[in-house]
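So this block is upload-v4.cif, mmCIF, C-alpha atoms and all ligand atoms:
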data_coords
#
loop_
_atom_site.label_atom_id
_atom_site.label_comp_id
_atom_site.auth_asym_id
_atom_site.auth_seq_id
_atom_site.Cartn_x
_atom_site.Cartn_y
_atom_site.Cartn_z
CA MET L 145 0.00 0.00 0.00
CA THR L 146 3.02 2.33 0.33
CA PRO L 147 3.70 4.35 -2.81
CA ALA L 148 7.20 4.40 -4.28
CA VAL L 149 8.37 7.98 -4.58
CA HIS L 150 9.07 9.08 -8.17
CA ARG L 151 10.40 12.32 -9.61
CA VAL L 152 8.91 14.05 -12.68
CA VAL L 153 11.77 14.16 -15.20
CA GLU L 154 9.76 15.46 -18.16
CA ARG L 155 6.20 16.68 -18.81
CA ARG L 156 4.37 17.15 -22.09
CA GLU L 157 1.15 19.07 -22.61
CA GLU L 158 -0.74 16.84 -25.05
CA THR L 159 -3.86 19.03 -25.20
CA ARG L 160 -5.34 21.92 -23.20
CA ASP L 161 -6.29 19.54 -20.33
CA VAL L 162 -4.17 16.41 -20.91
CA THR L 163 -0.59 16.13 -19.64
CA THR L 164 1.92 13.29 -19.92
CA LEU L 165 4.24 12.84 -16.93
CA MET L 166 7.51 10.95 -17.28
CA LEU L 167 8.57 9.56 -13.91
CA GLU L 168 11.77 8.07 -12.56
CA PRO L 169 11.97 6.28 -9.21
CA VAL L 170 13.95 8.15 -6.58
CA GLU L 171 15.37 4.73 -5.62
CA GLY L 172 15.66 1.48 -7.55
CA PRO L 173 14.84 0.42 -11.12
CA ARG L 174 11.81 1.36 -13.26
CA LEU L 175 8.67 -0.66 -12.44
CA ALA L 176 7.98 -3.54 -14.81
CA PHE L 177 4.48 -3.45 -16.35
CA ARG L 178 2.39 -4.92 -19.13
CA PRO L 179 0.43 -2.66 -21.54
CA GLY L 180 -3.09 -2.06 -20.20
CA GLN L 181 -2.14 -2.18 -16.51
CA PHE L 182 -2.57 0.85 -14.25
CA ASN L 183 -0.84 2.46 -11.29
CA MET L 184 -2.31 4.38 -8.38
CA LEU L 185 -0.63 7.82 -8.60
CA THR L 186 -0.43 10.05 -5.52
CA ALA L 187 -0.36 13.81 -5.68
CA PHE L 188 1.03 14.24 -2.15
CA GLY L 189 -1.31 16.21 0.09
CA VAL L 190 -4.23 15.87 -2.36
CA GLY L 191 -5.01 12.20 -3.03
CA GLU L 192 -4.50 9.10 -5.11
CA VAL L 193 -6.12 8.07 -8.42
CA ALA L 194 -5.88 5.21 -10.92
CA ILE L 195 -3.91 6.12 -14.06
CA SER L 196 -2.94 3.68 -16.81
CA VAL L 197 0.66 3.24 -17.79
CA SER L 198 0.94 4.81 -21.25
CA GLY L 199 4.48 3.64 -21.91
CA ALA L 200 5.59 0.56 -23.82
CA PRO L 201 7.74 -2.16 -22.24
CA ARG L 202 10.14 -1.98 -25.23
CA GLU L 203 10.67 1.77 -24.71
CA GLU L 204 13.70 2.69 -22.68
CA GLY L 205 13.50 5.50 -20.16
CA PRO L 206 11.06 6.80 -17.59
CA LEU L 207 7.65 5.49 -16.61
CA ARG L 208 4.95 7.29 -18.61
CA HIS L 209 1.40 8.28 -17.58
CA THR L 210 -1.04 10.54 -19.38
CA VAL L 211 -3.55 12.39 -17.20
CA ARG L 212 -6.74 14.31 -18.05
CA ASP L 213 -7.49 17.14 -15.63
CA VAL L 214 -11.06 16.33 -14.48
CA GLY L 215 -10.97 16.90 -10.70
CA ALA L 216 -8.88 17.61 -7.62
CA VAL L 217 -6.27 14.84 -7.87
CA SER L 218 -5.89 14.73 -11.64
CA HIS L 219 -5.59 18.54 -11.62
CA ALA L 220 -2.80 18.38 -9.02
CA LEU L 221 -0.99 15.72 -11.09
CA CYS L 222 -1.29 17.77 -14.28
CA GLN L 223 0.23 20.74 -12.42
CA ARG L 224 3.32 18.76 -11.34
CA GLN L 225 6.52 20.24 -12.80
CA VAL L 226 9.92 18.73 -13.60
CA GLY L 227 11.62 17.92 -10.27
CA ASP L 228 8.35 17.48 -8.33
CA LEU L 229 7.61 14.20 -6.54
CA VAL L 230 4.70 11.81 -7.25
CA GLY L 231 3.81 8.52 -5.51
CA VAL L 232 3.40 5.35 -7.58
CA ARG L 233 1.69 2.17 -6.35
CA GLY L 234 1.32 -0.75 -8.75
CA PRO L 235 1.18 -1.95 -11.41
CA PHE L 236 -2.28 -3.44 -10.99
CA GLY L 237 -4.80 -5.35 -13.03
CA SER L 238 -5.02 -7.25 -16.27
CA ASP L 239 -3.44 -6.24 -19.56
CA TRP L 240 -4.04 -6.35 -23.33
CA ARG L 241 -2.10 -9.62 -23.52
CA VAL L 242 0.21 -8.47 -26.28
CA SER L 243 3.65 -8.67 -24.69
CA PRO L 244 5.72 -11.86 -24.89
CA ASP L 245 5.47 -12.50 -21.10
CA CYS L 246 1.63 -12.36 -21.08
CA ALA L 247 -0.85 -15.20 -20.75
CA PRO L 248 -1.99 -16.24 -24.26
CA GLY L 249 -4.63 -13.80 -25.52
CA PRO L 250 -7.01 -13.44 -28.44
CA ILE L 251 -4.42 -11.84 -30.74
CA LEU L 252 -2.29 -14.97 -30.88
CA ASP L 253 -3.98 -16.76 -33.75
CA VAL L 254 -5.37 -13.87 -35.82
CA HIS L 255 -3.92 -12.00 -38.80
CA ASP L 256 -5.42 -8.58 -38.07
CA VAL L 257 -5.65 -6.58 -34.83
CA VAL L 258 -7.98 -3.57 -34.67
CA VAL L 259 -7.26 -1.03 -31.94
CA ILE L 260 -10.09 1.43 -31.28
CA ALA L 261 -9.50 4.44 -29.01
CA GLY L 262 -11.80 7.24 -27.95
CA GLY L 263 -9.99 10.41 -26.79
CA ILE L 264 -7.59 9.73 -23.93
CA GLY L 265 -8.50 6.02 -24.28
CA LEU L 266 -5.42 5.91 -26.52
CA ALA L 267 -3.25 6.25 -23.37
CA PRO L 268 -3.84 2.72 -22.00
CA LEU L 269 -3.52 1.39 -25.58
CA ARG L 270 -0.32 3.17 -26.56
CA GLY L 271 2.03 0.48 -25.21
CA ALA L 272 -0.04 -2.26 -26.86
CA VAL L 273 0.10 -0.53 -30.25
CA HIS L 274 3.89 -0.17 -29.95
CA GLU L 275 4.15 -3.87 -29.25
CA LEU L 276 1.71 -4.86 -32.01
CA VAL L 277 3.44 -2.73 -34.66
CA ALA L 278 6.85 -4.14 -33.71
CA ARG L 279 5.48 -7.66 -33.73
CA SER L 280 3.72 -7.18 -37.11
CA HIS L 281 7.17 -6.80 -38.72
CA GLU L 282 7.99 -10.31 -37.47
CA THR L 283 4.64 -12.02 -38.11
CA GLY L 284 3.35 -10.20 -41.20
CA GLY L 285 0.07 -9.47 -39.40
CA ARG L 286 -1.72 -6.16 -39.87
CA VAL L 287 -2.51 -3.47 -37.26
CA PHE L 288 -5.39 -0.99 -37.60
CA VAL L 289 -5.45 2.00 -35.26
CA LEU L 290 -8.81 3.80 -35.28
CA VAL L 291 -8.98 6.96 -33.19
CA GLY L 292 -11.97 9.16 -32.39
CA ALA L 293 -11.83 12.50 -30.59
CA ARG L 294 -14.39 15.18 -29.74
CA ASP L 295 -12.58 17.76 -31.90
CA PRO L 296 -9.12 18.14 -33.49
CA SER L 297 -7.64 19.78 -30.38
CA GLN L 298 -8.39 16.59 -28.39
CA VAL L 299 -6.31 14.24 -30.57
CA VAL L 300 -3.31 13.01 -28.53
CA TYR L 301 0.04 11.45 -29.50
CA HIS L 302 0.40 12.98 -33.00
CA ASP L 303 4.02 11.80 -33.21
CA ASP L 304 3.07 8.20 -32.38
CA LEU L 305 0.19 8.19 -34.88
CA GLU L 306 2.58 9.34 -37.61
CA ALA L 307 5.25 6.82 -36.57
CA TRP L 308 2.79 3.89 -36.55
CA ASP L 309 1.55 4.94 -39.98
CA ARG L 310 5.16 5.08 -41.30
CA GLU L 311 5.80 1.63 -39.81
CA GLY L 312 2.93 0.07 -41.76
CA ALA L 313 -0.11 0.30 -39.48
CA VAL L 314 -3.37 1.62 -40.94
CA VAL L 315 -4.05 4.75 -38.87
CA LEU L 316 -7.42 6.49 -39.23
CA VAL L 317 -8.52 9.49 -37.16
CA THR L 318 -11.98 11.03 -36.96
CA VAL L 319 -13.46 13.86 -34.89
CA ASP L 320 -17.04 14.47 -33.75
CA ARG L 321 -16.83 18.17 -34.67
CA GLY L 322 -14.42 19.54 -37.26
CA THR L 323 -12.91 23.02 -37.45
CA PRO L 324 -12.34 25.16 -40.57
CA GLU L 325 -8.67 23.99 -40.60
CA TRP L 326 -9.43 20.26 -40.13
CA ARG L 327 -8.90 18.31 -43.36
CA GLY L 328 -9.55 14.87 -41.84
CA ARG L 329 -12.66 12.80 -41.25
CA VAL L 330 -15.69 13.91 -39.26
CA GLY L 331 -18.01 11.35 -37.64
CA LEU L 332 -18.09 8.60 -35.06
CA VAL L 333 -15.19 6.19 -34.67
CA THR L 334 -17.51 3.29 -35.59
CA ALA L 335 -17.80 4.79 -39.10
CA LEU L 336 -14.07 4.04 -39.59
CA LEU L 337 -14.67 0.30 -39.25
CA ALA L 338 -16.18 -0.03 -42.70
CA ASP L 339 -13.20 1.67 -44.40
CA ALA L 340 -10.41 0.03 -42.42
CA GLY L 341 -10.15 -3.13 -44.51
CA PHE L 342 -9.54 -5.86 -41.90
CA ASP L 343 -10.64 -9.47 -42.30
CA PRO L 344 -13.38 -10.07 -39.65
CA SER L 345 -12.87 -13.83 -39.70
CA SER L 346 -9.26 -13.40 -38.52
CA THR L 347 -9.46 -10.27 -36.36
CA ALA L 348 -8.99 -9.46 -32.67
CA ALA L 349 -9.87 -6.03 -31.26
CA LEU L 350 -8.70 -3.90 -28.32
CA ILE L 351 -11.06 -1.04 -27.36
CA CYS L 352 -10.71 1.77 -24.81
CA GLY L 353 -12.73 4.95 -24.42
CA PRO L 354 -16.06 6.15 -23.08
CA GLU L 355 -18.33 3.18 -22.28
CA ILE L 356 -20.93 4.11 -24.88
CA MET L 357 -18.22 4.20 -27.57
CA MET L 358 -16.86 0.80 -26.48
CA ARG L 359 -20.36 -0.67 -26.52
CA PHE L 360 -21.17 0.58 -30.04
CA SER L 361 -17.72 -0.35 -31.38
CA ALA L 362 -17.87 -3.89 -29.95
CA ARG L 363 -21.37 -4.41 -31.28
CA ALA L 364 -20.36 -3.14 -34.74
CA LEU L 365 -17.38 -5.53 -34.77
CA VAL L 366 -19.58 -8.48 -33.79
CA ASP L 367 -22.14 -7.48 -36.46
CA SER L 368 -19.33 -7.43 -39.04
CA GLY L 369 -18.35 -11.01 -38.10
CA VAL L 370 -15.62 -10.60 -35.46
CA ASP L 371 -15.78 -13.29 -32.75
CA ALA L 372 -16.90 -11.57 -29.49
CA SER L 373 -14.37 -13.59 -27.46
CA ARG L 374 -11.59 -11.90 -29.45
CA ILE L 375 -12.69 -8.41 -28.41
CA LEU L 376 -11.10 -6.89 -25.27
CA VAL L 377 -12.41 -3.74 -23.58
CA SER L 378 -10.93 -1.70 -20.71
CA LEU L 379 -13.46 -0.78 -18.01
CA GLU L 380 -13.01 2.01 -15.46
CA ARG L 381 -14.57 2.13 -12.03
CA ASN L 382 -13.66 4.02 -8.87
CA MET L 383 -10.46 2.38 -7.59
CA GLN L 384 -9.21 2.69 -4.02
CA CYS L 385 -7.01 -0.19 -2.83
CA GLY L 386 -6.15 -1.66 -6.25
CA LEU L 387 -5.65 -5.00 -4.54
CA GLY L 388 -9.09 -6.64 -4.44
CA TRP L 389 -9.66 -5.72 -0.78
CA CYS L 390 -12.15 -2.82 -0.60
CA GLY L 391 -14.84 -3.67 -3.18
CA HIS L 392 -15.07 -0.11 -4.59
CA CYS L 393 -14.42 -1.29 -8.13
CA GLN L 394 -17.07 -4.03 -8.28
CA LEU L 395 -18.94 -4.58 -11.54
CA GLY L 396 -21.24 -7.61 -11.40
CA PRO L 397 -19.06 -10.58 -10.45
CA PHE L 398 -15.80 -8.70 -11.15
CA LEU L 399 -13.47 -6.64 -9.00
CA LEU L 400 -12.06 -4.55 -11.82
CA CYS L 401 -8.77 -3.71 -10.09
CA ARG L 402 -8.00 -7.43 -10.02
CA ASP L 403 -10.07 -9.06 -12.81
CA GLY L 404 -9.84 -5.97 -15.06
CA PRO L 405 -9.51 -3.32 -16.24
CA VAL L 406 -9.02 -5.29 -19.49
CA VAL L 407 -11.73 -7.94 -19.91
CA PRO L 408 -13.17 -9.89 -22.85
CA TYR L 409 -16.32 -8.32 -24.26
CA SER L 410 -18.09 -11.67 -24.61
CA GLY L 411 -20.40 -13.23 -22.00
CA VAL L 412 -21.20 -11.40 -18.80
CA VAL L 413 -19.34 -8.17 -19.74
CA SER L 414 -21.36 -7.77 -22.92
CA THR L 415 -24.58 -8.34 -20.94
CA LEU L 416 -23.56 -5.84 -18.23
CA LEU L 417 -22.51 -3.17 -20.74
CA ASN L 418 -25.64 -3.56 -22.82
CA GLU L 419 -28.01 -3.75 -19.81
CA ARG L 420 -26.84 -0.29 -18.66
CA GLU L 421 -28.48 1.10 -21.77
CA ARG L 422 -32.00 -0.12 -20.83
C1 LIG L 501 -8.11 1.43 -14.44
C2 LIG L 501 -8.22 2.91 -14.66
C3 LIG L 501 -7.33 3.55 -15.50
C4 LIG L 501 -7.41 4.92 -15.72
N1 LIG L 501 -6.51 5.51 -16.54
C5 LIG L 501 -6.54 6.84 -16.69
C6 LIG L 501 -5.57 7.49 -17.48
O1 LIG L 501 -4.67 6.86 -18.07
N2 LIG L 501 -5.63 8.83 -17.59
C7 LIG L 501 -6.62 9.57 -16.95
O2 LIG L 501 -6.62 10.80 -17.07
N3 LIG L 501 -7.57 8.99 -16.21
C8 LIG L 501 -7.54 7.64 -16.05
N4 LIG L 501 -8.48 7.05 -15.27
C9 LIG L 501 -9.54 7.88 -14.66
C10 LIG L 501 -9.05 8.56 -13.40
O3 LIG L 501 -8.77 7.59 -12.39
C11 LIG L 501 -10.15 9.51 -12.90
O4 LIG L 501 -10.34 10.51 -13.85
C12 LIG L 501 -9.72 10.11 -11.58
O5 LIG L 501 -10.09 9.21 -10.57
C13 LIG L 501 -10.34 11.44 -11.32
O6 LIG L 501 -9.98 11.82 -10.00
P1 LIG L 501 -10.03 13.35 -9.58
O7 LIG L 501 -9.86 13.43 -8.11
O8 LIG L 501 -9.12 14.16 -10.40
O9 LIG L 501 -11.48 13.77 -9.98
P2 LIG L 501 -12.84 13.49 -9.21
O10 LIG L 501 -13.14 14.69 -8.40
O11 LIG L 501 -12.83 12.16 -8.56
O12 LIG L 501 -13.81 13.40 -10.46
C14 LIG L 501 -14.00 14.49 -11.35
C15 LIG L 501 -15.05 14.12 -12.39
O13 LIG L 501 -14.59 12.98 -13.16
C16 LIG L 501 -15.51 11.91 -13.02
N5 LIG L 501 -14.77 10.68 -12.89
C17 LIG L 501 -14.05 10.26 -11.82
N6 LIG L 501 -13.49 9.06 -12.06
C18 LIG L 501 -13.87 8.74 -13.33
C19 LIG L 501 -13.62 7.61 -14.17
N7 LIG L 501 -12.89 6.56 -13.74
N8 LIG L 501 -14.15 7.61 -15.40
C20 LIG L 501 -14.90 8.64 -15.83
N9 LIG L 501 -15.17 9.73 -15.08
C21 LIG L 501 -14.67 9.77 -13.87
C22 LIG L 501 -16.29 12.20 -11.76
O14 LIG L 501 -17.59 11.62 -11.81
C23 LIG L 501 -16.36 13.70 -11.77
O15 LIG L 501 -17.38 14.15 -12.62
C24 LIG L 501 -8.44 5.67 -15.06
C25 LIG L 501 -9.34 5.03 -14.21
C26 LIG L 501 -9.24 3.67 -14.00
C27 LIG L 501 -10.21 3.01 -13.09
S1 LIG L 502 -10.12 -1.05 -5.76
FE1 LIG L 502 -10.40 -2.10 -3.87
S2 LIG L 502 -11.25 -3.99 -4.48
FE2 LIG L 502 -10.78 -3.02 -6.36
#
Would you write out, as structure tokens, the structure that this file holds?
Ligand SMILES: Cc1cc2nc3c(=O)[nH]c(=O)nc-3n(C[C@H](O)[C@H](O)[C@H](O)COP(=O)(O)OP(=O)(O)OC[C@H]3O[C@@H](n4cnc5c(N)ncnc54)[C@H](O)[C@@H]3O)c2cc1C
Ligand code: FES
Amino acid sequence: MTPAVHRVVERREETRDVTTLMLEPVEGPRLAFRPGQFNMLTAFGVGEVAISVSGAPREEGPLRHTVRDVGAVSHALCQRQVGDLVGVRGPFGSDWRVSPDCAPGPILDVHDVVVIAGGIGLAPLRGAVHELVARSHETGGRVFVLVGARDPSQVVYHDDLEAWDREGAVVLVTVDRGTPEWRGRVGLVTALLADAGFDPSSTAALICGPEIMMRFSARALVDSGVDASRILVSLERNMQCGLGWCGHCQLGPFLLCRDGPVVPYSGVVSTLLNERER
């Protein structure tokens, strides 16, 4: 339960209200993690919140987290400057099952992997995309990165999107509302599915974003012929202990800090997500 003290060694303002913090431990080596896992970050004197690791295991250097300023703790984290201290407890939870040391996941025996991100939902997926793009050079598989944002100013990780595109991934970005300068697509992220060009009979999907977006995206994938058991979603609930002790993160039979945040869309998760709509 005791956070390891880390120092901010770099910060990047991704958008008006989204900041990436690069952290190095004051003592000891960088924490090991798998893409999709989260840490509990402490802004000392303010509080602790769950934030996904947005780094990639293959990337050298500091531990990376991307934070949207939505309330007291996330605001305090976004205000942290180079040299300031932050507490890190973790990593916790399940992962996208894309790194070599993971339990076998749905991407193992498919040719295509579709990654769908809504807004800052790209943060928990960033490490997975890095891994998938690197792996596609070895396996010949294809990676499709479909990103939706409210407007052009909310698109994060421009450099990564360009790099993944250069490295052979299909990268498509759409916004709900365009601006006079925006030359890209306008519309919901689900509209990108039809144009992407993946083979539904040999596709796995990783989805992270607002719940309504994950629900519609998963349903559209299933309707197009993708096997529901090959679709993973990342679910967020209020986290406190991160260790399966307090029950704050319960969703149906799951404690999401332990059994999630990344869970298969099929079965009980699909029922729970779709029931919330009624
Ligand atoms: C597993 C997991 C991974 C996460 N990864 C990230 C991440 O990488 N980057 C990031 O910025 N945030 C992430 N979050 C969300 C983050 O934990 C919350 O935004 C944070 O708890 C807000 O705390 P606060 O004190 O700043 O705001 P609060 O005062 O607690 O909340 C401010 C507003 O945000 C809403 N809110 C609080 N928590 C959530 C939530 N989980 N989802 C949606 N709305 C919420 C509240 O209802 C309120 O309207 C993650 C959450 C979980 C459970
Ligand atoms: S956060 Fe305490 S049980 Fe999940």
Using all atoms listed in the file, the residue out of L:Ser297, L:Thr210, L:Gln384, L:Ser361 with shortest distance to ligand LIG 501 (chain L) is L:Thr210
| task | Give as a PyMOL selection string the residues surrounding ligand LIG 501 (chain L) up to a distance of 8 Å, considering all atoms listed in the file. | result | chain L and resi 162+181-183+191-198+209-220+237+264-265+267-268+354+378-383+393+400-401+404-405
L:Gly205 proximity check over L:Val153, L:Ala278, L:Ala187, L:Met145, using only C-alpha atoms: winner is L:Val153
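When atom CA of L:Val232 is paired with atom CA of L:Cys390, their separation reads 18.9 Å.
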Restricting to all atoms listed in the file, whichever of L:Gly263, L:Gly292, L:Gly284, L:Gly231 is closest to L:Gly312 is L:Gly284
Correct to one decimal, the distance atom CA of L:Arg160-atom CA of L:Ala261 is 18.9 Å
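When all atoms listed in the file are used to measure the gap to L:Arg359, the shortest distance among L:Asp304, L:Glu419, L:Asp309, L:Asp245 belongs to L:Glu419.
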### Query
Can you tell me, as a PyMOL selection string, what residues are no more than 8 Å from L:Val333 when counting only C-alpha atoms, ignoring any on the same chain fewer than 5 positions away?
chain L and resi 260+262+290-292+317-319+357+361
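Considering the residues L:Ser373, L:Gln394, L:Ser238, L:Thr415 and counting all atoms listed in the file, ligand LIG 502 (chain L) has its shortest atom-to-atom contact with L:Gln394.
Taking atom CA of L:Ala176 and atom CA of L:Arg270 as the two end points, the separation is 15.9 Å.
Using all atoms listed in the file, the contacts of L:Ala313 at a cut-off of 12 Å, with sequence neighbours closer than 5 positions omitted, comprise Asp256, Val257, Val258, Val259, Val273, His274, Glu275, Leu276, Val277, Ala278, Arg279, Ser280, His281, Gly284, Gly285, Arg286, Val287, Phe288, Val289, Leu290, Asp304, Leu305, Glu306, Ala307, Trp308, Ala340, Gly341 and Phe342 of chain L.
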- Message: Within 9 Å of (-4.1, -6.6, -5.6) (file coordinates; only C-alpha atoms), which protein or nucleic acid residues are there? I'd like them as a list in words.
- Response: Gly234, Phe236, Gly237, Cys385, Gly386, Leu387, Gly388, Trp389, Cys401 and Arg402 of chain L
Using C-alpha atoms, can you write the selected residues to a file as a JSON list (two decimals), in the frame of the given file?
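And here is the file that came out, selection-v4.json:
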[["chain", "number", "residue", "atom", "x", "y", "z"],
["L", 234, "GLY", "CA", 1.32, -0.75, -8.75],
["L", 236, "PHE", "CA", -2.28, -3.44, -10.99],
["L", 237, "GLY", "CA", -4.80, -5.35, -13.03],
["L", 385, "CYS", "CA", -7.01, -0.19, -2.83],
["L", 386, "GLY", "CA", -6.15, -1.66, -6.25],
["L", 387, "LEU", "CA", -5.65, -5.00, -4.54],
["L", 388, "GLY", "CA", -9.09, -6.64, -4.44],
["L", 389, "TRP", "CA", -9.66, -5.72, -0.78],
["L", 401, "CYS", "CA", -8.77, -3.71, -10.09],
["L", 402, "ARG", "CA", -8.00, -7.43, -10.02]]
Produce the centre coordinates and the three edge lengths, each in Å to one decimal, of the box along x, y and z that contains all listed atoms of ligand LIG 502 (chain L) with 8 Å added on each side, as lines of an AutoDock Vina configuration file.
center_x = -10.7
center_y = -2.5
center_z = -5.1
size_x = 17.1
size_y = 18.9
size_z = 18.5
Can you list, as a short mmCIF file (atom, residue, chain, number, x, y, z; two decimals) with C-alpha atoms, in the frame of the given file, every protein, DNA or RNA residue that comes within 12 Å of L:Phe360 when you count only C-alpha atoms, leaving out same-chain residues fewer than 5 positions away?
data_model
loop_
_atom_site.label_atom_id
_atom_site.label_comp_id
_atom_site.auth_asym_id
_atom_site.auth_seq_id
_atom_site.Cartn_x
_atom_site.Cartn_y
_atom_site.Cartn_z
CA ILE L 260 -10.09 1.43 -31.28
CA GLY L 262 -11.80 7.24 -27.95
CA LEU L 332 -18.09 8.60 -35.06
CA VAL L 333 -15.19 6.19 -34.67
CA THR L 334 -17.51 3.29 -35.59
CA ALA L 335 -17.80 4.79 -39.10
CA LEU L 337 -14.67 0.30 -39.25
CA ILE L 351 -11.06 -1.04 -27.36
CA CYS L 352 -10.71 1.77 -24.81
CA GLY L 353 -12.73 4.95 -24.42
CA PRO L 354 -16.06 6.15 -23.08
CA GLU L 355 -18.33 3.18 -22.28
CA LEU L 365 -17.38 -5.53 -34.77
CA VAL L 366 -19.58 -8.48 -33.79
CA ASP L 367 -22.14 -7.48 -36.46
CA VAL L 377 -12.41 -3.74 -23.58
CA TYR L 409 -16.32 -8.32 -24.26
CA SER L 414 -21.36 -7.77 -22.92
CA LEU L 417 -22.51 -3.17 -20.74
CA ASN L 418 -25.64 -3.56 -22.82
CA GLU L 421 -28.48 1.10 -21.77
#
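Of the listed residues (L:Leu316, L:Ile251, L:Ala338, L:Met184), L:Met184 comes nearest to ligand LIG 502 (chain L); the distances count all atoms listed in the file.
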**Request:** Name all residues at most 7 Å from L:Met166 (count only C-alpha atoms; drop same-chain ones fewer than 3 positions away) and give them as a list in words.
**Result:** Val152, Val153, Glu154, Arg155, Pro206, Leu207, Arg208 and His209 of chain L
Do a neighbour search on L:Arg321 at 7 Å with all atoms listed in the file, toss out local chain neighbours closer than 3 positions, and write the hits as a list in words. Arg294, Asp295 and Val330 of chain L
Got a moment to write stretch 219-232 of chain L out with N, CA and C atoms, as a CSV table (one decimal), in the first residue's frame?
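What landed in decode_16.csv:
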chain,number,residue,atom,x,y,z
L,219,HIS,N,-6.1,17.2,-11.4
L,219,HIS,CA,-5.6,18.5,-11.6
L,219,HIS,C,-4.2,18.7,-11.0
L,220,ALA,N,-4.1,18.2,-9.7
L,220,ALA,CA,-2.8,18.4,-9.0
L,220,ALA,C,-1.7,17.6,-9.8
L,221,LEU,N,-2.0,16.5,-10.3
L,221,LEU,CA,-1.0,15.7,-11.1
L,221,LEU,C,-0.6,16.5,-12.3
L,222,CYS,N,-1.6,17.0,-13.0
L,222,CYS,CA,-1.3,17.8,-14.3
L,222,CYS,C,-0.4,19.0,-14.0
L,223,GLN,N,-0.5,19.5,-12.8
L,223,GLN,CA,0.2,20.7,-12.4
L,223,GLN,C,1.7,20.4,-12.0
L,224,ARG,N,2.0,19.1,-11.8
L,224,ARG,CA,3.3,18.8,-11.3
L,224,ARG,C,4.4,19.2,-12.4
L,225,GLN,N,5.5,19.7,-11.9
L,225,GLN,CA,6.5,20.2,-12.8
L,225,GLN,C,7.8,19.3,-12.7
L,226,VAL,N,8.7,19.5,-13.6
L,226,VAL,CA,9.9,18.7,-13.6
L,226,VAL,C,10.6,19.0,-12.2
L,227,GLY,N,11.0,17.8,-11.6
L,227,GLY,CA,11.6,17.9,-10.3
L,227,GLY,C,10.6,17.6,-9.1
L,228,ASP,N,9.3,17.8,-9.4
L,228,ASP,CA,8.4,17.5,-8.3
L,228,ASP,C,8.3,16.0,-8.1
L,229,LEU,N,7.7,15.6,-6.9
L,229,LEU,CA,7.6,14.2,-6.5
L,229,LEU,C,6.2,13.7,-6.7
L,230,VAL,N,6.0,12.4,-7.1
L,230,VAL,CA,4.7,11.8,-7.3
L,230,VAL,C,4.8,10.4,-6.7
L,231,GLY,N,3.8,9.9,-6.0
L,231,GLY,CA,3.8,8.5,-5.5
L,231,GLY,C,3.3,7.5,-6.6
L,232,VAL,N,3.8,6.4,-6.6
L,232,VAL,CA,3.4,5.4,-7.6
L,232,VAL,C,3.2,4.0,-6.8
